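Structure below is upload-v8.tsv: TSV, C-alpha atoms (C1' of nucleotides).
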```tsv
chain	number	residue	atom	x	y	z
A	1	MET	CA	117.44	67.52	124.64
A	2	GLU	CA	120.52	67.51	126.75
A	3	LYS	CA	120.44	67.87	130.47
A	4	THR	CA	123.11	70.02	131.95
A	5	ILE	CA	124.16	70.96	135.40
A	6	PRO	CA	122.52	74.19	136.43
A	7	GLY	CA	125.02	76.87	137.19
A	8	SER	CA	127.70	75.70	134.85
A	9	THR	CA	127.93	76.96	131.34
A	10	ALA	CA	126.98	74.68	128.51
A	11	PRO	CA	129.40	71.80	128.57
A	12	SER	CA	127.82	70.60	125.38
A	13	GLY	CA	126.43	72.35	122.34
A	14	THR	CA	127.76	73.39	119.01
A	15	LEU	CA	131.34	74.48	118.60
A	16	ASP	CA	130.70	78.11	117.77
A	17	LEU	CA	128.32	78.61	120.69
A	18	ARG	CA	130.78	77.03	123.08
A	19	VAL	CA	133.59	79.26	121.85
A	20	TRP	CA	131.46	82.34	122.33
A	21	VAL	CA	130.27	81.39	125.79
A	22	ARG	CA	133.77	80.59	126.99
A	23	LEU	CA	135.12	83.79	125.54
A	24	LEU	CA	132.48	85.83	127.28
A	25	ASP	CA	132.96	84.00	130.56
A	26	CYS	CA	136.70	84.60	130.64
A	27	ALA	CA	136.29	88.25	129.76
A	28	LYS	CA	133.64	88.79	132.40
A	29	ILE	CA	135.62	87.10	135.15
A	30	ILE	CA	138.74	89.12	134.56
A	31	GLU	CA	136.87	92.36	133.93
A	32	LYS	CA	134.97	92.00	137.16
A	33	ARG	CA	138.20	91.54	139.05
A	34	LEU	CA	139.78	94.59	137.49
A	35	ARG	CA	136.74	96.73	138.15
A	36	ARG	CA	136.72	95.70	141.76
A	37	ASN	CA	140.41	96.43	142.16
A	38	PHE	CA	140.05	99.87	140.61
A	39	GLU	CA	137.20	100.65	142.95
A	40	ASP	CA	138.81	99.28	146.09
A	41	GLN	CA	142.31	100.59	145.67
A	42	PHE	CA	141.86	103.80	143.71
A	43	SER	CA	138.18	104.68	143.92
A	44	THR	CA	138.01	104.86	140.17
A	45	THR	CA	136.56	102.75	137.37
A	46	LEU	CA	137.67	100.76	134.38
A	47	PRO	CA	136.02	103.08	131.81
A	48	ARG	CA	137.81	106.09	133.27
A	49	PHE	CA	141.08	104.19	133.15
A	50	ASP	CA	140.41	103.23	129.54
A	51	ILE	CA	140.02	106.86	128.58
A	52	LEU	CA	143.21	107.85	130.36
A	53	ALA	CA	145.05	104.98	128.69
A	54	THR	CA	143.86	105.98	125.26
A	55	LEU	CA	144.80	109.59	125.83
A	56	ASP	CA	148.19	108.58	127.17
A	57	ARG	CA	148.99	107.08	123.78
A	58	ALA	CA	148.04	110.33	122.05
A	59	PRO	CA	150.45	113.11	123.01
A	60	ASP	CA	148.53	115.64	120.96
A	61	GLY	CA	145.17	114.73	122.38
A	62	LEU	CA	142.13	113.27	120.70
A	63	ARG	CA	138.73	114.51	119.67
A	64	MET	CA	135.68	113.07	121.39
A	65	GLY	CA	134.75	111.07	118.34
A	66	GLU	CA	138.18	109.51	118.10
A	67	LEU	CA	137.97	108.59	121.74
A	68	SER	CA	134.60	106.91	121.44
A	69	ARG	CA	135.68	104.96	118.37
A	70	ALA	CA	138.88	103.81	120.01
A	71	LEU	CA	137.01	102.64	123.08
A	72	LEU	CA	134.17	100.98	121.18
A	73	VAL	CA	131.63	102.93	123.17
A	74	SER	CA	128.95	105.34	122.10
A	75	ASN	CA	129.63	108.98	121.52
A	76	GLY	CA	127.29	110.32	124.16
A	77	ASN	CA	128.84	108.08	126.72
A	78	VAL	CA	132.29	109.61	126.50
A	79	THR	CA	130.89	113.05	127.24
A	80	ALA	CA	129.99	112.32	130.84
A	81	ILE	CA	133.13	110.39	131.69
A	82	VAL	CA	135.42	113.01	130.21
A	83	ARG	CA	133.59	115.65	132.20
A	84	GLN	CA	134.29	113.77	135.40
A	85	LEU	CA	137.95	113.38	134.56
A	86	GLN	CA	138.01	117.06	133.78
A	87	GLU	CA	136.53	117.92	137.18
A	88	GLN	CA	139.25	115.83	138.75
A	89	GLY	CA	141.85	117.75	136.80
A	90	LEU	CA	143.15	114.69	134.99
A	91	VAL	CA	142.26	115.81	131.49
A	92	SER	CA	141.75	119.13	129.80
A	93	SER	CA	139.93	120.04	126.64
A	94	TYR	CA	139.94	122.98	124.29
A	95	THR	CA	138.11	123.75	121.11
A	96	ASP	CA	139.78	122.54	117.97
A	97	PRO	CA	141.09	125.70	116.28
A	98	GLU	CA	140.41	124.17	112.90
A	99	ASP	CA	136.89	122.96	113.62
A	100	ALA	CA	134.86	124.60	116.33
A	101	ARG	CA	132.52	121.63	116.47
A	102	SER	CA	135.23	119.44	117.96
A	103	ALA	CA	136.84	119.59	121.35
A	104	ILE	CA	140.31	118.16	121.71
A	105	VAL	CA	140.92	116.29	124.91
A	106	SER	CA	144.33	115.55	126.38
A	107	LEU	CA	145.93	114.51	129.63
A	108	THR	CA	147.07	117.15	132.05
A	109	PRO	CA	150.54	116.72	133.56
A	110	ASN	CA	148.85	115.55	136.72
A	111	GLY	CA	146.67	113.20	134.72
A	112	ARG	CA	149.75	111.69	133.15
A	113	VAL	CA	151.28	111.07	136.56
A	114	GLN	CA	148.11	109.57	137.96
A	115	PHE	CA	147.72	107.36	134.93
A	116	ALA	CA	151.23	105.98	135.34
A	117	VAL	CA	150.31	104.79	138.81
A	118	LEU	CA	147.06	103.26	137.65
A	119	ALA	CA	148.67	101.62	134.66
A	120	GLU	CA	151.26	99.90	136.76
A	121	ALA	CA	148.63	98.56	139.14
A	122	HIS	CA	146.46	97.50	136.23
A	123	HIS	CA	149.29	95.63	134.62
A	124	GLY	CA	150.01	93.90	137.90
A	125	TRP	CA	146.42	92.71	138.18
A	126	VAL	CA	146.39	91.38	134.65
A	127	ARG	CA	149.72	89.67	135.15
A	128	GLU	CA	148.40	88.14	138.32
A	129	ALA	CA	145.21	86.96	136.62
A	130	LEU	CA	147.18	85.25	133.87
A	131	ALA	CA	149.98	84.04	136.12
A	132	ASP	CA	148.86	80.41	136.04
A	133	PHE	CA	148.34	80.40	132.30
A	134	PRO	CA	151.55	79.30	130.56
A	135	GLU	CA	153.37	81.82	128.44
A	136	ASP	CA	153.30	79.55	125.45
A	137	SER	CA	149.54	79.20	125.69
A	138	GLN	CA	149.27	82.95	125.99
A	139	ARG	CA	151.16	83.31	122.75
A	140	GLN	CA	148.89	80.87	120.96
A	141	LEU	CA	145.82	82.52	122.43
A	142	LEU	CA	146.98	85.96	121.35
A	143	THR	CA	147.51	84.72	117.81
A	144	LEU	CA	144.08	83.14	117.65
A	145	LEU	CA	142.34	86.14	119.18
A	146	THR	CA	144.06	88.46	116.76
A	147	GLN	CA	142.85	86.34	113.87
A	148	LEU	CA	139.41	86.20	115.39
A	149	LYS	CA	139.22	89.95	115.75
A	150	THR	CA	140.17	90.38	112.13
A	151	SER	CA	137.63	87.85	110.96
A	152	ILE	CA	134.72	89.40	112.82
A	153	LEU	CA	135.35	93.00	111.90
B	1	MET	CA	149.97	111.65	111.34
B	2	GLU	CA	149.03	108.74	113.50
B	3	LYS	CA	151.35	106.45	115.30
B	4	THR	CA	148.41	104.32	116.24
B	5	ILE	CA	145.13	104.02	114.47
B	6	PRO	CA	142.59	105.33	116.95
B	7	GLY	CA	140.38	102.27	116.67
B	8	SER	CA	143.07	99.67	117.12
B	9	THR	CA	144.40	98.52	120.42
B	10	ALA	CA	147.98	98.57	121.63
B	11	PRO	CA	150.13	97.06	118.92
B	12	SER	CA	152.93	96.74	121.42
B	13	GLY	CA	153.13	95.96	125.08
B	14	THR	CA	153.70	92.94	127.23
B	15	LEU	CA	152.26	89.59	126.27
B	16	ASP	CA	149.74	89.30	129.09
B	17	LEU	CA	148.37	92.78	128.56
B	18	ARG	CA	147.97	92.18	124.86
B	19	VAL	CA	146.14	88.91	125.46
B	20	TRP	CA	143.75	90.62	127.84
B	21	VAL	CA	143.06	93.55	125.58
B	22	ARG	CA	142.41	91.34	122.57
B	23	LEU	CA	140.16	89.10	124.59
B	24	LEU	CA	138.13	92.02	125.79
B	25	ASP	CA	137.93	93.55	122.33
B	26	CYS	CA	136.61	90.39	120.73
B	27	ALA	CA	134.05	89.88	123.47
B	28	LYS	CA	132.85	93.47	123.25
B	29	ILE	CA	132.48	93.43	119.49
B	30	ILE	CA	130.41	90.28	119.42
B	31	GLU	CA	128.40	91.18	122.50
B	32	LYS	CA	127.50	94.53	121.04
B	33	ARG	CA	126.26	92.86	117.88
B	34	LEU	CA	124.12	90.40	119.80
B	35	ARG	CA	122.63	93.09	121.97
B	36	ARG	CA	121.68	95.12	118.95
B	37	ASN	CA	120.09	92.13	117.25
B	38	PHE	CA	118.07	91.27	120.33
B	39	GLU	CA	116.83	94.82	120.53
B	40	ASP	CA	116.09	95.25	116.84
B	41	GLN	CA	114.47	91.93	116.12
B	42	PHE	CA	112.83	90.96	119.39
B	43	SER	CA	112.76	94.10	121.52
B	44	THR	CA	114.52	92.28	124.28
B	45	THR	CA	117.99	92.23	125.80
B	46	LEU	CA	120.95	89.92	126.26
B	47	PRO	CA	120.61	89.73	130.07
B	48	ARG	CA	116.98	88.70	129.77
B	49	PHE	CA	117.95	86.05	127.26
B	50	ASP	CA	120.69	84.82	129.55
B	51	ILE	CA	118.21	84.28	132.33
B	52	LEU	CA	115.82	82.42	130.06
B	53	ALA	CA	118.69	80.29	128.78
B	54	THR	CA	119.82	79.40	132.27
B	55	LEU	CA	116.30	78.52	133.32
B	56	ASP	CA	115.78	76.47	130.19
B	57	ARG	CA	118.58	74.19	131.31
B	58	ALA	CA	116.95	73.72	134.69
B	59	PRO	CA	113.65	71.86	134.34
B	60	ASP	CA	112.92	72.15	138.04
B	61	GLY	CA	113.67	75.85	138.25
B	62	LEU	CA	116.36	77.70	140.13
B	63	ARG	CA	116.52	79.89	143.16
B	64	MET	CA	117.47	83.51	142.69
B	65	GLY	CA	120.89	82.96	144.20
B	66	GLU	CA	121.63	80.09	141.84
B	67	LEU	CA	120.63	82.27	138.94
B	68	SER	CA	122.85	85.14	139.93
B	69	ARG	CA	125.82	82.85	140.51
B	70	ALA	CA	125.32	81.11	137.18
B	71	LEU	CA	125.16	84.41	135.37
B	72	LEU	CA	128.04	86.02	137.21
B	73	VAL	CA	125.89	89.00	138.12
B	74	SER	CA	124.90	90.44	141.45
B	75	ASN	CA	121.99	89.18	143.40
B	76	GLY	CA	120.02	92.40	143.47
B	77	ASN	CA	120.33	92.65	139.75
B	78	VAL	CA	118.50	89.41	139.02
B	79	THR	CA	115.51	90.61	141.03
B	80	ALA	CA	114.56	93.35	138.62
B	81	ILE	CA	115.10	91.36	135.45
B	82	VAL	CA	113.15	88.37	136.71
B	83	ARG	CA	110.31	90.68	137.65
B	84	GLN	CA	110.17	91.98	134.09
B	85	LEU	CA	110.15	88.47	132.67
B	86	GLN	CA	107.43	87.64	135.14
B	87	GLU	CA	105.34	90.57	133.99
B	88	GLN	CA	105.73	89.31	130.45
B	89	GLY	CA	104.55	85.89	131.55
B	90	LEU	CA	107.76	84.17	130.54
B	91	VAL	CA	108.78	82.97	133.98
B	92	SER	CA	106.95	82.19	137.18
B	93	SER	CA	108.17	81.99	140.73
B	94	TYR	CA	106.92	80.41	143.95
B	95	THR	CA	108.27	80.17	147.43
B	96	ASP	CA	110.51	77.21	148.09
B	97	PRO	CA	108.43	74.88	150.32
B	98	GLU	CA	111.61	73.74	152.06
B	99	ASP	CA	113.05	77.18	152.71
B	100	ALA	CA	110.71	80.12	152.81
B	101	ARG	CA	113.58	82.52	152.28
B	102	SER	CA	114.05	81.32	148.71
B	103	ALA	CA	111.90	81.83	145.68
B	104	ILE	CA	112.15	79.26	142.94
B	105	VAL	CA	111.97	80.62	139.42
B	106	SER	CA	111.14	78.59	136.36
B	107	LEU	CA	110.05	79.05	132.77
B	108	THR	CA	106.38	79.06	131.95
B	109	PRO	CA	105.26	76.96	128.98
B	110	ASN	CA	104.99	80.15	127.00
B	111	GLY	CA	108.43	81.21	128.20
B	112	ARG	CA	109.84	77.95	126.98
B	113	VAL	CA	108.34	78.50	123.55
B	114	GLN	CA	109.56	82.07	123.33
B	115	PHE	CA	113.01	81.05	124.43
B	116	ALA	CA	113.24	78.43	121.69
B	117	VAL	CA	112.69	81.16	119.11
B	118	LEU	CA	115.24	83.46	120.70
B	119	ALA	CA	117.78	80.68	121.10
B	120	GLU	CA	117.62	79.78	117.46
B	121	ALA	CA	118.12	83.39	116.41
B	122	HIS	CA	120.92	83.80	118.91
B	123	HIS	CA	122.70	80.75	117.61
B	124	GLY	CA	122.37	82.05	114.08
B	125	TRP	CA	123.97	85.36	115.03
B	126	VAL	CA	126.87	83.65	116.77
B	127	ARG	CA	127.36	81.29	113.86
B	128	GLU	CA	127.34	84.26	111.53
B	129	ALA	CA	129.83	86.17	113.64
B	130	LEU	CA	132.24	83.22	113.64
B	131	ALA	CA	131.55	82.18	110.07
B	132	ASP	CA	134.88	83.48	108.75
B	133	PHE	CA	136.87	81.93	111.55
B	134	PRO	CA	138.00	78.42	110.56
B	135	GLU	CA	136.57	75.50	112.46
B	136	ASP	CA	140.00	74.22	113.33
B	137	SER	CA	140.94	77.56	114.85
B	138	GLN	CA	137.70	77.53	116.78
B	139	ARG	CA	138.62	74.19	118.24
B	140	GLN	CA	142.05	75.42	119.30
B	141	LEU	CA	140.56	78.59	120.71
B	142	LEU	CA	137.97	76.68	122.69
B	143	THR	CA	140.66	74.49	124.19
B	144	LEU	CA	142.79	77.45	125.17
B	145	LEU	CA	139.87	79.40	126.59
B	146	THR	CA	138.76	76.42	128.62
B	147	GLN	CA	142.24	76.14	130.07
B	148	LEU	CA	142.31	79.86	130.68
B	149	LYS	CA	139.01	79.81	132.51
B	150	THR	CA	140.26	77.04	134.75
B	151	SER	CA	143.50	78.82	135.47
B	152	ILE	CA	141.88	82.08	136.48
B	153	LEU	CA	139.17	80.67	138.72
C	1	DG	C1'	112.46	77.74	173.68
C	2	DT	C1'	115.36	81.86	172.56
C	3	DC	C1'	118.99	84.88	171.31
C	4	DG	C1'	122.41	85.76	167.86
C	5	DA	C1'	124.50	84.90	163.50
C	6	DT	C1'	123.83	83.61	158.84
C	7	DT	C1'	121.39	83.24	154.50
C	8	DC	C1'	118.20	84.78	150.83
C	9	DC	C1'	116.15	88.13	148.73
C	10	DT	C1'	114.65	93.11	147.66
C	11	DG	C1'	115.36	98.24	147.49
C	12	DC	C1'	118.17	101.97	146.40
C	13	DA	C1'	122.00	105.09	144.90
C	14	DG	C1'	125.59	105.62	141.62
C	15	DG	C1'	127.95	104.53	137.37
C	16	DC	C1'	128.28	102.93	132.59
C	17	DA	C1'	126.10	101.68	128.19
C	18	DT	C1'	122.97	102.49	124.21
C	19	DA	C1'	119.79	104.86	120.92
C	20	DA	C1'	117.45	108.80	119.55
C	21	DA	C1'	116.61	113.61	119.50
C	22	DG	C1'	118.49	118.25	119.74
C	23	DT	C1'	122.47	122.08	119.03
C	24	DT	C1'	126.00	124.14	117.10
C	25	DT	C1'	129.20	124.38	113.48
C	26	DC	C1'	130.98	123.41	109.05
C	27	DT	C1'	130.22	122.33	103.94
C	28	DT	C1'	127.88	122.12	99.75
C	29	DT	C1'	125.07	123.87	96.32
C	30	DC	C1'	122.92	127.10	93.86
D	1	DG	C1'	125.78	134.53	100.37
D	2	DA	C1'	121.84	132.02	101.90
D	3	DA	C1'	119.54	127.78	102.44
D	4	DA	C1'	119.99	122.65	102.57
D	5	DG	C1'	122.64	119.07	104.20
D	6	DA	C1'	126.21	116.75	106.87
D	7	DA	C1'	129.10	116.29	110.89
D	8	DA	C1'	130.56	116.63	115.96
D	9	DC	C1'	129.00	116.77	120.11
D	10	DT	C1'	125.52	116.96	124.05
D	11	DT	C1'	121.22	115.73	126.14
D	12	DT	C1'	117.59	112.60	127.34
D	13	DA	C1'	115.31	108.24	128.16
D	14	DT	C1'	115.99	103.60	129.26
D	15	DG	C1'	118.34	99.54	130.95
D	16	DC	C1'	121.99	96.79	133.12
D	17	DC	C1'	125.23	96.22	136.91
D	18	DT	C1'	127.39	96.73	141.49
D	19	DG	C1'	127.65	97.47	146.38
D	20	DC	C1'	125.37	98.10	150.39
D	21	DA	C1'	121.43	98.55	153.58
D	22	DG	C1'	117.51	96.23	155.32
D	23	DG	C1'	113.72	92.72	156.22
D	24	DA	C1'	112.35	88.03	156.65
D	25	DA	C1'	113.42	83.25	157.44
D	26	DT	C1'	116.54	79.72	159.03
D	27	DC	C1'	120.12	77.61	161.76
D	28	DG	C1'	123.01	76.89	165.92
D	29	DA	C1'	124.39	77.12	170.57
D	30	DC	C1'	122.93	77.29	174.56
```
Produce structure tokens that represent the structure in this file.
Amino acid sequence: MEKTIPGSTAPSGTLDLRVWVRLLDCAKIIEKRLRRNFEDQFSTTLPRFDILATLDRAPDGLRMGELSRALLVSNGNVTAIVRQLQEQGLVSSYTDPEDARSAIVSLTPNGRVQFAVLAEAHHGWVREALADFPEDSQRQLLTLLTQLKTSIL
Amino acid sequence: MEKTIPGSTAPSGTLDLRVWVRLLDCAKIIEKRLRRNFEDQFSTTLPRFDILATLDRAPDGLRMGELSRALLVSNGNVTAIVRQLQEQGLVSSYTDPEDARSAIVSLTPNGRVQFAVLAEAHHGWVREALADFPEDSQRQLLTLLTQLKTSIL
DNA sequence: GTCGATTCCTGCAGGCATAAAGTTTCTTTC
DNA sequence: GAAAGAAACTTTATGCCTGCAGGAATCGAC
């Protein structure tokens, strides 16, 4: 039995558990900051931004299923968020002419403009969050995380 | 047909953005797996487990505020989850004798037993998730993540 | 003491996430 | 071609999470 300081995350424990806890902590801290910034400065949310970002990389639009797979979220979830973006005029959707089951979603011209603004702000926040973390360490971390992602898939 | 595989994240971009996206991806993938396992095998959830885990490290119990700070979640959120755990008889709470504003929450004996079971399963899932990721890489990753967490605080 | 500010917690509205069930539209099979 | 099956999407039920409003208790400055 090891006593630990309440409030801090496991300073001891097995290696794999410690890696996981640290990973989750870092992700949560940064994600929380981004979410707050999106809300405060643009009255929007991270999930909405994620959808816009994914669509921005797909000039021809994407089907709902492609969107949900790209974002690692459930299918039914995308439905509601896309509808909101649609009501705001940022995305448009039309029925796939080759498969009436699918709707193809893409950015509107206005959506593309709005996204550019959001993306720049988003990048600034991330840059700011990682500002004190040396570039060389970032490179190492990126390499390790890429390997990790491959190994857990 | 595709310039980018829909399920993969930005192959190009600036270093800091790529680090952040990879970090988030890895965290999401593993977290999703854990959540599913908790639901399937124990009909419980990751947040509930997190609370039990935090309380398990605090023999004398914690106040609600300490819990929410340790878990990086909002104060009002802890209220509902603790109530559920209370209804299941896993935790108990009493008013702090030194400050009647605070309630002190702690594991019940049964809660401690249940947590031990969950913790072992949880550890197994994490170990399994990281099984293909070399121990040496894990060590490097842990070091980098620890530095990262410090630098973003 | 007592008034005001602060702290701790709970309640509530709104948003995102999942799983599971339900619809509509292909596709396969005969 | 018609029925069985699969696929894409939506809907529904449930749960977590945040921010904010509000009540109760405490602390501080008179």
Show me, as a list in words, the residues of chain C whose atoms get within 12 Å of chain B, using all atoms listed in the file for the distance check. DT7, DC8, DC9, DT10, DG11, DC12, DA17, DT18 and DA19 of chain C
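Going from atom CA of Ser137 of chain A to atom CA of Lys149 of chain A covers 17.9 Å.
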Using only C-alpha atoms (C1' of nucleotides), select each residue of chain D with any atom at most 10 Å away from an atom of chain A, and give the selection as a VMD selection string. chain D and resid 7 to 11 18
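Least-squares fitting of chain B to chain A, using all C-alpha atoms matched in order, gives an RMSD of 1.7 Å.
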Residues of chain A were defined as contacting chain B if any atom lay at most 8 Å from it, counting all atoms listed in the file; please report them as a short mmCIF file (atom, residue, chain, number, x, y, z; two decimals) with C-alpha atoms, in the coordinates of the input.
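part38.cif written:
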```
data_model
loop_
_atom_site.label_atom_id
_atom_site.label_comp_id
_atom_site.auth_asym_id
_atom_site.auth_seq_id
_atom_site.Cartn_x
_atom_site.Cartn_y
_atom_site.Cartn_z
CA LYS A 3 120.44 67.87 130.47
CA THR A 4 123.11 70.02 131.95
CA ILE A 5 124.16 70.96 135.40
CA PRO A 6 122.52 74.19 136.43
CA GLY A 7 125.02 76.87 137.19
CA SER A 8 127.70 75.70 134.85
CA THR A 9 127.93 76.96 131.34
CA LEU A 15 131.34 74.48 118.60
CA ASP A 16 130.70 78.11 117.77
CA LEU A 17 128.32 78.61 120.69
CA ARG A 18 130.78 77.03 123.08
CA VAL A 19 133.59 79.26 121.85
CA TRP A 20 131.46 82.34 122.33
CA ARG A 22 133.77 80.59 126.99
CA LEU A 23 135.12 83.79 125.54
CA LEU A 24 132.48 85.83 127.28
CA ASP A 25 132.96 84.00 130.56
CA CYS A 26 136.70 84.60 130.64
CA ALA A 27 136.29 88.25 129.76
CA LYS A 28 133.64 88.79 132.40
CA ILE A 29 135.62 87.10 135.15
CA ILE A 30 138.74 89.12 134.56
CA GLU A 66 138.18 109.51 118.10
CA LEU A 67 137.97 108.59 121.74
CA ARG A 69 135.68 104.96 118.37
CA ALA A 70 138.88 103.81 120.01
CA LEU A 71 137.01 102.64 123.08
CA LEU A 72 134.17 100.98 121.18
CA HIS A 123 149.29 95.63 134.62
CA VAL A 126 146.39 91.38 134.65
CA ARG A 127 149.72 89.67 135.15
CA ALA A 129 145.21 86.96 136.62
CA LEU A 130 147.18 85.25 133.87
CA ASP A 132 148.86 80.41 136.04
CA PHE A 133 148.34 80.40 132.30
CA SER A 137 149.54 79.20 125.69
CA GLN A 138 149.27 82.95 125.99
CA ARG A 139 151.16 83.31 122.75
CA LEU A 141 145.82 82.52 122.43
CA LEU A 142 146.98 85.96 121.35
CA LEU A 144 144.08 83.14 117.65
CA LEU A 145 142.34 86.14 119.18
CA THR A 146 144.06 88.46 116.76
CA GLN A 147 142.85 86.34 113.87
CA LEU A 148 139.41 86.20 115.39
CA LYS A 149 139.22 89.95 115.75
CA SER A 151 137.63 87.85 110.96
CA ILE A 152 134.72 89.40 112.82
#
```
Would you list the contacts of DT12 of chain D as a ChimeraX atom specification, taking every protein, DNA or RNA residue within 10 Å and counting all atoms listed in the file, but skipping same-chain residues closer than 6 positions in sequence? /C:20-22
Do you have the atom C1' of DC17 of chain D-atom CA of Gln41 of chain A distance handy?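 Atom C1' of DC17 of chain D sits 19.7 Å away from atom CA of Gln41 of chain A.
Non-sequential neighbours of Pro47 of chain A (distance at most 8 Å, separation of 3 or more positions within a chain, all atoms listed in the file) are Asp50, Ile51 and Ile81 of chain A; DC16 of chain C.
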Among listed residues A:Arg48, A:Leu118, A:Val113, A:Ala53, nearest Leu85 of chain A (using all atoms listed in the file):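 Between A:Arg48, A:Leu118, A:Val113, A:Ala53, the residue approaching Leu85 of chain A most closely is A:Arg48.
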Build an axis-aligned box that encloses every atom of segment 2-19 of chain C listed in the file, pad it by 5 Å on each side, and report its centre and edge lengths in Å to one decimal, as JSON.
```
{"center_x": 121.5, "center_y": 93.7, "center_z": 146.7, "size_x": 23.6, "size_y": 33.8, "size_z": 61.6}
```
So how far away is atom C1' of DC16 of chain D from atom C1' of DA13 of chain C, in Å?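 Distance reported for this atom pair: 14.4 Å.
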Excluding DG4 of chain C and any residue of its chain fewer than 5 positions from it, enumerate the residues within 12 Å of it, using only C-alpha atoms (C1' of nucleotides), and give them as a list in words.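 With the cut-off at 12 Å, the set is DC27, DG28, DA29 and DC30 of chain D.
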